[in-house]
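**Student:** This structure is in structure tokens; I'll ask about it shortly.
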Amino acid sequence: MKSKILQTVFAGLMLSVCNLANAGLITFDAGSPIEEGFTISSLSGSFLFGELGNSNIPTSGTPSLLVNRGTPASINMQSTTGELFNLLSFFGSEGRNINTSFFPRFGAEGIEVTGYFATGGSIQSRFDLDLIAEFNPLLDFQKFDLIGFNDLSRATFTAYGATSAYSFGIDNIEFSQTAQVAGPSTLVIFALGIMGLAARRFKKR
Ligand SMILES: [Ca+2]
Ligand SMILES: [Ca+2]
């Protein structure tokens with residue numbers, strides 16, 4: 001009997017602290033800076049949502065976000081509700097055709113991602129681009145994995161390199177969020193309740 005009660009308490013505790021991580025993808029396919037509970041805002045540069053077939057904008061195979069005319073181009077990503085998030089990966093592009101005719105030297109040579117931890121401090125990684133932008137989904141965009149970008153309150157993506165790094169392209173920002181978990185007080189109340197119930201049962205016998 002006693003072990004059964006302990007089992008129940010244990011199961012209850014396990015259930016309460018279970019983290020439910022939901023993953024999501026910001027695709028920019030709807031042409032909006034607000035998507036999947038996040039707001040993407042410009043820190044430097046203007047937004048162009050790259051529809052397919054626009055010969056000025058390198059393509060990921062689907063509509064993407066081109067950050068244009070920044071010094072350098074830079075964006076901020078934040079949850080609309082202030083909820084913390086983990087960044088997992090993103091697709092990045094030069095934003096402009098670096099090596100050939102269209103605005104040579106204005107495209108980014110890489111993208112620097114900074115994640116700001118809710119507890120203070122930050123994490124930063126630089127991702128060099130391949131400098132190929134030929135309006136070909138296989139070449140324009142590369143996928144970059146983000147390691148350790150967890151429990152962030154916000155993140156920035158900033159271009160570097162080139163003459164002014166005034167543009168870059170971004171798509172498919174992959175994130176996850178951890179569902180709200182029961183606080184310690186809830187757990188204590190739950191455990192005390194079960195124990196009280198158990199004590200009463202033992203008294204009855
Ligand atoms: Ca897209
Ligand atoms: Ca490229």
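Every chain in the structure tokens has a letter given in the order shown (A, B, ...), and although residue numbers restart at 1 in each chain, ligands are simply numbered from 1 in the order shown.
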Can you tell me, as a tab-separated table (two decimals) with C-alpha atoms, in the first residue's frame, which residues in range 50-186 of chain A count as strand (DSSP E or B) by DSSP?
**Tutor:**
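out_34.tsv, freshly written:
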chain	number	residue	atom	x	y	z
A	50	GLY	CA	11.27	38.19	-51.27
A	64	SER	CA	12.08	34.90	-47.62
A	65	LEU	CA	13.02	38.11	-45.82
A	66	LEU	CA	15.59	40.40	-47.39
A	67	VAL	CA	17.03	43.00	-45.02
A	68	ASN	CA	18.11	45.82	-47.27
A	74	SER	CA	20.47	43.91	-38.68
A	75	ILE	CA	17.22	42.54	-37.26
A	76	ASN	CA	15.84	41.78	-33.82
A	77	MET	CA	13.67	38.73	-32.98
A	78	GLN	CA	11.47	38.68	-29.91
A	79	SER	CA	8.45	36.74	-28.70
A	85	PHE	CA	12.73	30.62	-26.71
A	86	ASN	CA	15.52	28.42	-28.06
A	87	LEU	CA	16.96	29.03	-31.52
A	88	LEU	CA	17.82	25.87	-33.43
A	89	SER	CA	18.73	26.84	-37.00
A	90	PHE	CA	18.13	29.30	-39.84
A	91	PHE	CA	18.70	29.75	-43.57
A	92	GLY	CA	20.99	32.66	-44.48
A	93	SER	CA	21.95	34.31	-47.75
A	107	GLY	CA	25.80	41.68	-49.93
A	110	GLY	CA	28.35	36.40	-43.23
A	111	ILE	CA	25.68	36.69	-40.54
A	112	GLU	CA	26.42	37.15	-36.86
A	113	VAL	CA	23.74	35.82	-34.50
A	114	THR	CA	23.55	37.03	-30.91
A	115	GLY	CA	21.23	35.42	-28.38
A	116	TYR	CA	20.42	37.30	-25.17
A	117	PHE	CA	19.82	35.03	-22.19
A	122	SER	CA	24.68	36.56	-24.32
A	123	ILE	CA	25.94	34.03	-26.84
A	124	GLN	CA	27.33	34.91	-30.26
A	125	SER	CA	28.17	32.89	-33.38
A	126	ARG	CA	29.35	33.96	-36.84
A	127	PHE	CA	28.31	32.12	-39.96
A	128	ASP	CA	30.30	32.72	-43.15
A	141	PHE	CA	20.76	30.10	-49.02
A	142	GLN	CA	22.67	27.90	-46.60
A	143	LYS	CA	21.32	26.26	-43.45
A	144	PHE	CA	23.14	27.09	-40.23
A	145	ASP	CA	22.70	25.28	-36.92
A	152	LEU	CA	16.64	33.55	-24.86
A	153	SER	CA	14.64	36.70	-24.30
A	154	ARG	CA	15.63	38.01	-27.73
A	155	ALA	CA	18.09	37.48	-30.57
A	156	THR	CA	19.69	39.58	-33.31
A	157	PHE	CA	20.94	38.68	-36.80
A	158	THR	CA	23.51	41.12	-38.20
A	159	ALA	CA	25.41	41.12	-41.49
A	160	TYR	CA	29.18	41.50	-41.65
A	167	SER	CA	21.92	43.37	-47.03
A	168	PHE	CA	21.31	39.77	-46.11
A	169	GLY	CA	18.55	37.22	-46.62
A	170	ILE	CA	16.99	35.03	-43.98
A	171	ASP	CA	14.40	32.26	-43.98
A	172	ASN	CA	13.18	29.25	-41.98
A	173	ILE	CA	14.16	30.36	-38.50
A	174	GLU	CA	13.67	27.21	-36.45
A	175	PHE	CA	12.85	27.67	-32.76
A	176	SER	CA	11.41	25.81	-29.80
A	177	GLN	CA	9.69	26.98	-26.65
A	178	THR	CA	9.23	25.22	-23.36
**Student:** Produce as a PyMOL selection string the set of residues near ligand 2, where near means within 9 Å with only C-alpha atoms and all ligand atoms considered.
**Tutor:** chain A and resi 58+92-95+97-98+129-134+136-142
**Student:** From the options A:Thr39, A:Ser44, A:Ser60, A:Thr119, which residue's atoms come nearest to ligand 1, counting only C-alpha atoms and all ligand atoms?
**Tutor:**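 Ranking A:Thr39, A:Ser44, A:Ser60, A:Thr119 by distance to ligand 1, first place goes to A:Ser60.
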**Student:** Just give me the gap between CA of Gly61 in chain A and CA of Ala73 in chain A in Å, one decimal is fine.
**Tutor:**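 So the two atoms, CA of Gly61 in chain A and CA of Ala73 in chain A, lie 22.0 Å apart.
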**Student:** Hey, which of A:Asn150, A:Thr62, A:Thr80, A:Ser164 ends up closest to ligand 1? Count only C-alpha atoms and all ligand atoms.
**Tutor:**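 Ranking A:Asn150, A:Thr62, A:Thr80, A:Ser164 by distance to ligand 1, first place goes to A:Thr62.
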**Student:** Please, what distance in Å, to one decimal, runs between CA of Pro72 in chain A and CA of Leu48 in chain A?
**Tutor:**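 CA of Leu48 in chain A lies at a distance of 15.5 Å from CA of Pro72 in chain A.
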**Student:** CA of Ala118 in chain A and atom 1 (Ca, counted along the ligand's line) of ligand 1, how far apart in Å?
**Tutor:**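 That distance, rounded to one decimal, is 28.1 Å.
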**Student:** Do you know which residues are at most 7 Å from Pro63 in chain A counting only C-alpha atoms, after dropping those on the same chain fewer than 6 positions away, and could you put them as a list of chain:residue names?
**Tutor:** A:Phe28, A:Asp29, A:Phe49, A:Gly50, A:Glu51, A:Leu52
**Student:** Given only C-alpha atoms and all ligand atoms as the basis, pick out the residue of A:Leu84, A:Ala21, A:Ile34, A:Thr59 nearest to ligand 1.
**Tutor:**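 Of A:Leu84, A:Ala21, A:Ile34, A:Thr59, the one nearest ligand 1, counting only C-alpha atoms and all ligand atoms, is A:Thr59.
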**Student:** Can you list, as number ranges by chain, all residues belonging to range 64-157 of chain A that DSSP tags as helix (DSSP H, G or I)?
**Tutor:** A: 137-140
